[in-house]
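Everything below concerns the one structure shown next.
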Amino acid sequence: MCACNCSHWILMLIITIKQGKEKSLLAREPWIYASAVEKVDGKPNEKMKGGATAIVQSSSQQFLARAAYNSKSQIRARVWTFDEGEPVDHALMKRRVKAALAKSAAAAKKARPDQIVKLINAEADGLPGLLVEQFGGKDGYVICEFQAAGVDAWKVPIVQALLAETGCPNVYERCDDLVRKGEGLTTISGALAGDEPPDEVFVNEGGMRVSTDLKTGFRRTHRVR
């Protein structure tokens, strides 16, 4: 479908990919590097908005994907969907969170209270740049890292979905300074819902007692007695 004939594209950013560079997208690879971009059309304020949704098209104006655009990153865009009929909205974020948690449900059910469970693994779960772990089950803490502008822009519905699906009232944002600076994002951390985790918890990892600061990810290993 041609971009110039598609009315619902008019108000969005449009990323045009250089001829020959669309092969990775056709192979369903989710990253679009700066070197692959021919041009970006749209309002200047949208171009500067980190994580703004963009239509990605080939040099012949064929739809390729919907993606989160970030002018400050070498990864100019991260794909949300290759389906032209799937809008990027609150409902999509909630569906992706729910699906990711369904995948990790078996591991979460088997986990001991003193183990960390990975709930969401970024691109593998259709949420590029989002890492989520849980410690302590429903009475513990959900720890999130928003490492890309797209998921950062959709933080509110993502957190709402995590609260609803995990039943855990405590959601904390951990910050990887180097990653977020590389994405042009502010370096912030803190509670997104409920209480902050304590400065130290003890995690059992393969027979090792690991002193862990959930807020930073820093760990110090001790053998379990």
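Chains: A, B, ... in order of the structure tokens. Residues: from 1 per chain. Ligands: from 1, in order shown.
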Open item on the list: For Gln57 of chain A, find every residue with an atom within 12 Å (counting only C-alpha atoms), except residues of its own chain fewer than 5 positions away, and show them as a PyMOL selection string.
Closed with: chain A and resi 1-4+9+13-19+21-23+25-26+32+36-41+62-67+82+84
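The residue set within 8 Å of segment 154-161 of chain A, counting only C-alpha atoms and dropping same-chain residues fewer than 6 places from it, reads His90, Met93, Lys94, Val97, Lys98, Val171 and Leu192 of chain A.
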Open item on the list: Residues within 7 Å of segment 111-126 of chain A, please, as an MDAnalysis selection string. Count only C-alpha atoms; anything in the same chain fewer than 4 positions from it doesn't count.
Closed with: chainID A and resid 80 96 100:101 104 107 130:137 202:205
Task: Sel. of alpha helix (DSSP H) residues, segment 123-220 of chain A, as a count of residues only - done: 23
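Note that the spacing between atom CA of Asn70 of chain A and atom CA of Ala149 of chain A amounts to 6.5 Å.
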Open item on the list: Going by DSSP on the backbone, which residues of segment 73-118 of chain A come out as strand (DSSP E or B)? List them as a PyMOL selection string.
Closed with: chain A and resi 75-81+116-118
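Here the question is which of A:Asp152, A:Gln147, A:Met208, A:Gly140 gets nearest to Glu196 of chain A using only C-alpha atoms, and that residue is A:Gly140.
Between atom CA of Tyr69 of chain A and atom CA of Tyr33 of chain A there is a distance of 10.6 Å.
Between atom CA of Val201 of chain A and atom CA of Ala164 of chain A the separation is 24.6 Å.
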Open item on the list: Give me the residues near Lys49 of chain A as JSON, numbers by chain, where near means some atom within 9 Å (using only C-alpha atoms) and where sequence neighbours in that chain fewer than 2 positions away do not count.
Closed with: {"A": [44, 45, 46, 47, 51, 52, 69, 70, 71, 149]}
Selection from above, C-alpha atoms, as a tab-separated table (two decimals), in the first residue's frame, can you write it?
chain	number	residue	atom	x	y	z
A	44	PRO	CA	9.48	18.42	13.90
A	45	ASN	CA	8.11	18.03	17.43
A	46	GLU	CA	7.19	14.40	16.70
A	47	LYS	CA	10.67	13.71	15.33
A	51	GLY	CA	9.58	6.79	21.37
A	52	ALA	CA	7.10	8.38	18.95
A	69	TYR	CA	11.46	6.19	16.67
A	70	ASN	CA	14.37	7.73	18.56
A	71	SER	CA	16.51	10.38	16.83
A	149	ALA	CA	12.50	5.24	24.29
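For the choices A:Ala105, A:Val151, A:Ala193, A:Ala27, the atom-to-atom distance to Arg78 of chain A is smallest for A:Val151 when using only C-alpha atoms.
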TODO: Go through A:Ala148, A:Leu185, A:Ala99, A:Leu162 and flag the residue nearest Ala68 of chain A, using only C-alpha atoms for the distances.
DONE: A:Ala148
